[in-house]
Amino acid sequence: MERLRKRAEFLRAAKGVRRVEGAITLEICKAPEIPEGLWRVGFTASRKVGNAVARNRAKRRLRAAASQLLPLLAREGHDYVLVARASTGTRAFDGLLADVTAALNAAHRGLDRKKKGEGT
RNA sequence: UCAGAUGGCCGGGUGACCGCGGGCUUCGCAAGAGGUUCGAGGAAAGUCCGGGCUCCACGGAGAAACGGUGCCGGUUAAUGGCCGGCGGGGGCGACCCCAGGGACAGCGCCACAGAAAUCAAACCGCCGAAUUCCCCAACACUUCGGUGAAACGGGAAUGGCAAGGUUGAAAUGGUGCGGUAAGAGCGCACCGCGCGACUGGCAACAGAAGCGGCACGGCAAGCCCCACCGGGAGCAAGACCAAAUAGGGACGGCAGGUUGCGUUUUCCGCGUAGCCGUCCGGGUCGGUCGCGAGAGGUGUGGGGCAACUCACAUCCCAGAGGAAUGGUCACCCCUUGUUGCGUCUUUUGGCGCAAGAAGGACAGAACCCGGCUUACAGGCCAUCUGAUGCU
RNA sequence: CGGAGCGUAGCGCAGCCUGGUAGCGCAUUUGCCUGGGGGGCAAAGGGUCGCAGGUUCAAAUCCUGUCGCUCCGA
């Protein structure tokens with residue numbers, strides 16, 4: 001699972017499709033420079049989430065959820081960014097998994113609609 | 001037993017499965033895979049001080065300015081930290097708190113009230129001894145109209161006083177006796193205050209013979225004075241490797257015609273401006289190092305009241321870079337409230353047992369170290385103080 | 001990592017340096033002018049001066065600590 005590391009890559013993802021679902025926010029954009037068959041993911045938590053302990057914990061839980069779900073659901077050639085929200089650290093893990101799944105499905109539908117609109 | 005003071009310590013435990021970061025190691029051309037081992041804190045936090053380290057500046061040294069510190073001694077790499085002592089304040093006490101030099105170096109401020117806020121003075125008041133005047137008037141003189149006038153008493157002016165009153169956070173010693181016209185350290189006694197030989201102590205400071213009739217308000221966390229300390233910046237320090245693109249330099253080749261510029265002007269000549277290739281250095285993205293064996297931890301012994309220090313033995317104990325500890329589960333521990341049963345009780349309710357439920361403090365290394373400050377559920381240990389009860 | 005500033009009424013600010021009375025504008029409430037609205041006039045209410053200690057007779061103001069926010073430089 002490749003990881004996003006540069007600030008510019010996070011900013012590009014923020015301009016793509018965004019979906020808020022429960023305790024998380026998901027951002028997706030196309031990444032033409034990465035090799036065929038791969039995708040990348042990044043995690044971020046702002047100061048609104050809490051102090052350093054709360055931010056790190058939120059990112060760890062997002063990483064655990066992503067390692068379970070993204071190999072099954074992610075599309076190749078895209079960057080995914082999971083943004084922690086205030087409830088990310090306290091949400092039950094089953095609920096967190098459900099949130100990420102729902103956000104992925106909804107964002108993929110948004111991606112398809114955008115592509116169709118560009119086609120016509 | 002209750003209440004409290006001080007110092008120190010811990011800060012969930014055990015196990016199972018799936019995952020994460022570093023070191024070492026085996027396999028592999030490599031990517032990577034396997035094994036093994038280590039993997040956050042007492043505050044890692046705030047960034048309030050002090051140092052190491054690195055670069056910059058500077059002839060040595062010092063001064064000015066600016067900033068900081070501020071009883072004395074010790075400790076330390078160093079400090080504004082810490083330890084011990086002194087002084088002041090608080091507490092019955094154990095003990096706690098204090099930026100705690102200087103107000104005859106100078107400037108400034110002290111609202112309101114009050115007579116007056118430091119230069120002295122006098123609002124109410126007290127006095128009438130001294131000088132002068134007025135009233136009263138014994139008495140004397142008399143032209144019987146008046147005139148002069150002592151004492152006592154009264155009033156006033158020049159004055160004397162600061163005892164008493166009023167204000168205020170703060171008012172220039174307090175009490176008593178003498179003294180006086182009234183008073184006043186004016187005099188005396190005691191207390192207070194100031195200076196202080198001398199004694200003890202490294203010192204801060206403490207004690208104190210004697211002297212002084214008392215003259216000395218507060219604020220320096222107002223400016224300031226004095227003493228001491230400080231060169232500046234910070235790991236994004238700094239060092240190294242180094243892409244694409246653009247630009248620079250050197251060499252070689254092509255063209256050597258025209259044009260511009262320079263050589264003061266003209267002719268000639270020279271240089272420069274073009275394209276291509278090779279090489280070079282600077283430098284950006286990026287990467288590597290800096291980067292963890294240290295003013296280190298633990299133990300024993302010695303020195304010191306202590307902070308601390310010396311010797312020996314022993315241990316290796318995070319090293320990331322969108323940043324390593326997460327997910328699921330079982331048992332135990334603790335806390336909270338709920339329900340049921342038992343028991344005590346007049347009741348509210350207390351205690352015990354059981355059930356199932358919720359929750360488990362503050363908080364995450366980012367170059368390192370010594371302190372300080374702040375946050376923190378709950379718990380443990382030691383020493384000491386006060387009260388009460390029993391022996 | 002280094003530096004600077006702010007916090008005062010519901011909102012925006014002054015007062016702080018040089019310590020003694022917390023004030024201004026908008027907003028709020030009430031009354032009046034108007035048939036009503038808008039607008040105007042008059043009056044009133046509203047303050048832990050971010051928090052905790054300290055200095056002082058006295059602190060929004062001075063000092064120390066602390067919390068929150070904003071900005072600047074590398």
# chains A, B, ... in the order shown; residues from 1 in each chain; ligands from 1
>>> interface_residues(of="chain A", to="chain B", cutoff="7 Å", atoms="only C-alpha atoms (C1' of nucleotides)", output="PyMOL selection string")
chain A and resi 5+43-44+52-53+60-61+64
>>> residues_around(residues="Lys30 of chain A", least_positions_apart="5", cutoff="9 Å", atoms="only C-alpha atoms (C1' of nucleotides)", output="CSV table (one decimal) with N, CA and C atoms, in the first residue's frame")
chain,number,residue,atom,x,y,z
A,13,ALA,N,-5.6,16.0,-3.8
A,13,ALA,CA,-6.7,15.2,-3.5
A,13,ALA,C,-7.8,16.0,-2.9
A,16,GLY,N,-10.3,17.0,-5.4
A,16,GLY,CA,-11.1,16.0,-6.2
A,16,GLY,C,-12.5,15.8,-5.5
A,77,GLY,N,-4.9,3.6,-9.9
A,77,GLY,CA,-4.6,4.9,-10.5
A,77,GLY,C,-5.2,6.1,-9.8
A,78,HIS,N,-5.6,5.9,-8.5
A,78,HIS,CA,-6.2,7.0,-7.8
A,78,HIS,C,-5.5,7.2,-6.5
A,79,ASP,N,-5.6,8.4,-6.0
A,79,ASP,CA,-5.1,8.7,-4.6
A,79,ASP,C,-6.3,8.8,-3.7
>>> select_by_dssp(residues="chain A", states="strand (DSSP E)", output="PyMOL selection string")
chain A and resi 2-3+17-21+24-30+40-44+78-84
>>> residues_around(residues="G7 of chain C", least_positions_apart="3", cutoff="10 Å", atoms="only C-alpha atoms (C1' of nucleotides)", output="VMD selection string")
chain C and resid 49 to 50 68 to 69
>>> write_last_selection(atoms="C-alpha atoms (C1' of nucleotides)", output="compact mmCIF listing (two decimals), in the first residue's frame")
# COMPACT_ATOMS: atom_id res chain seq x y z
C1' C C 49 -11.86 44.22 33.00
C1' G C 50 -9.50 35.93 30.40
C1' G C 68 -6.96 31.11 24.81
C1' C C 69 -6.47 33.64 20.10
>>> residues_around(residues="G23 of chain B", least_positions_apart="2", cutoff="12 Å", atoms="only C-alpha atoms (C1' of nucleotides)", output="PyMOL selection string")
chain B and resi 21+25+36-39+318-319
>>> residues_around(residues="A103 of chain B", least_positions_apart="4", cutoff="12 Å", atoms="only C-alpha atoms (C1' of nucleotides)", output="PyMOL selection string")
chain B and resi 216-220+224-225
>>> residues_around(residues="Trp39 of chain A", least_positions_apart="5", cutoff="8 Å", atoms="only C-alpha atoms (C1' of nucleotides)", output="NGL selection string")
:A and (1-2 or 34 or 74-80)
>>> select_by_dssp(residues="chain A", states="helix (DSSP H, G or I)", output="MDAnalysis selection string")
chainID A and resid 7:14 47:49 52:73 93:119
>>> closest_residue(among="B:C97, B:A375, B:A57, B:C351", to="G53 of chain C", atoms="only C-alpha atoms (C1' of nucleotides)")
B:C97
>>> decode(residues="segment 40-104 of chain A", atoms="C-alpha atoms", output="tab-separated table (two decimals), in the first residue's frame")
chain	number	residue	atom	x	y	z
A	40	ARG	CA	-2.11	5.30	-2.96
A	41	VAL	CA	-3.59	6.43	0.34
A	42	GLY	CA	-2.88	9.22	2.83
A	43	PHE	CA	-4.11	10.09	6.29
A	44	THR	CA	-4.44	13.48	7.90
A	45	ALA	CA	-5.80	14.98	11.11
A	46	SER	CA	-6.03	18.68	11.87
A	47	ARG	CA	-5.82	20.39	15.26
A	48	LYS	CA	-9.60	20.39	15.45
A	49	VAL	CA	-9.41	16.63	16.19
A	50	GLY	CA	-7.58	17.28	19.47
A	51	ASN	CA	-4.10	17.21	20.93
A	52	ALA	CA	-1.20	15.17	19.56
A	53	VAL	CA	-2.32	11.97	21.28
A	54	ALA	CA	-5.82	12.22	19.83
A	55	ARG	CA	-4.53	13.06	16.34
A	56	ASN	CA	-2.09	10.14	16.27
A	57	ARG	CA	-4.71	7.74	17.60
A	58	ALA	CA	-7.22	8.86	14.95
A	59	LYS	CA	-4.69	8.34	12.17
A	60	ARG	CA	-3.78	4.90	13.49
A	61	ARG	CA	-7.42	3.81	13.49
A	62	LEU	CA	-7.89	5.14	9.97
A	63	ARG	CA	-4.79	3.21	8.90
A	64	ALA	CA	-6.16	0.01	10.45
A	65	ALA	CA	-9.48	0.46	8.69
A	66	ALA	CA	-7.84	1.27	5.35
A	67	SER	CA	-5.61	-1.80	5.49
A	68	GLN	CA	-8.73	-3.97	5.80
A	69	LEU	CA	-10.96	-2.30	3.22
A	70	LEU	CA	-8.91	-0.60	0.51
A	71	PRO	CA	-7.34	-3.77	-1.01
A	72	LEU	CA	-10.92	-4.94	-1.69
A	73	LEU	CA	-12.52	-1.66	-2.78
A	74	ALA	CA	-9.86	0.72	-4.12
A	75	ARG	CA	-9.56	1.52	-7.82
A	76	GLU	CA	-6.19	1.61	-9.50
A	77	GLY	CA	-4.61	4.90	-10.54
A	78	HIS	CA	-6.24	6.96	-7.80
A	79	ASP	CA	-5.12	8.72	-4.60
A	80	TYR	CA	-7.28	8.28	-1.50
A	81	VAL	CA	-7.08	10.63	1.51
A	82	LEU	CA	-8.82	9.79	4.77
A	83	VAL	CA	-9.35	12.85	6.95
A	84	ALA	CA	-9.98	12.34	10.66
A	85	ARG	CA	-12.85	14.15	12.34
A	86	ALA	CA	-13.51	14.82	16.03
A	87	SER	CA	-15.36	11.50	16.54
A	88	THR	CA	-12.80	9.31	14.71
A	89	GLY	CA	-10.98	8.39	17.91
A	90	THR	CA	-14.10	7.35	19.84
A	91	ARG	CA	-16.30	5.73	17.16
A	92	ALA	CA	-16.71	1.93	17.52
A	93	PHE	CA	-14.44	0.18	15.05
A	94	ASP	CA	-17.32	-1.60	13.27
A	95	GLY	CA	-18.94	1.77	12.74
A	96	LEU	CA	-15.67	3.18	11.41
A	97	LEU	CA	-15.43	0.32	8.88
A	98	ALA	CA	-19.02	0.97	7.80
A	99	ASP	CA	-18.31	4.68	7.40
A	100	VAL	CA	-15.26	4.07	5.22
A	101	THR	CA	-17.13	1.51	3.05
A	102	ALA	CA	-20.08	3.84	2.55
A	103	ALA	CA	-17.81	6.78	1.77
A	104	LEU	CA	-15.82	4.73	-0.76
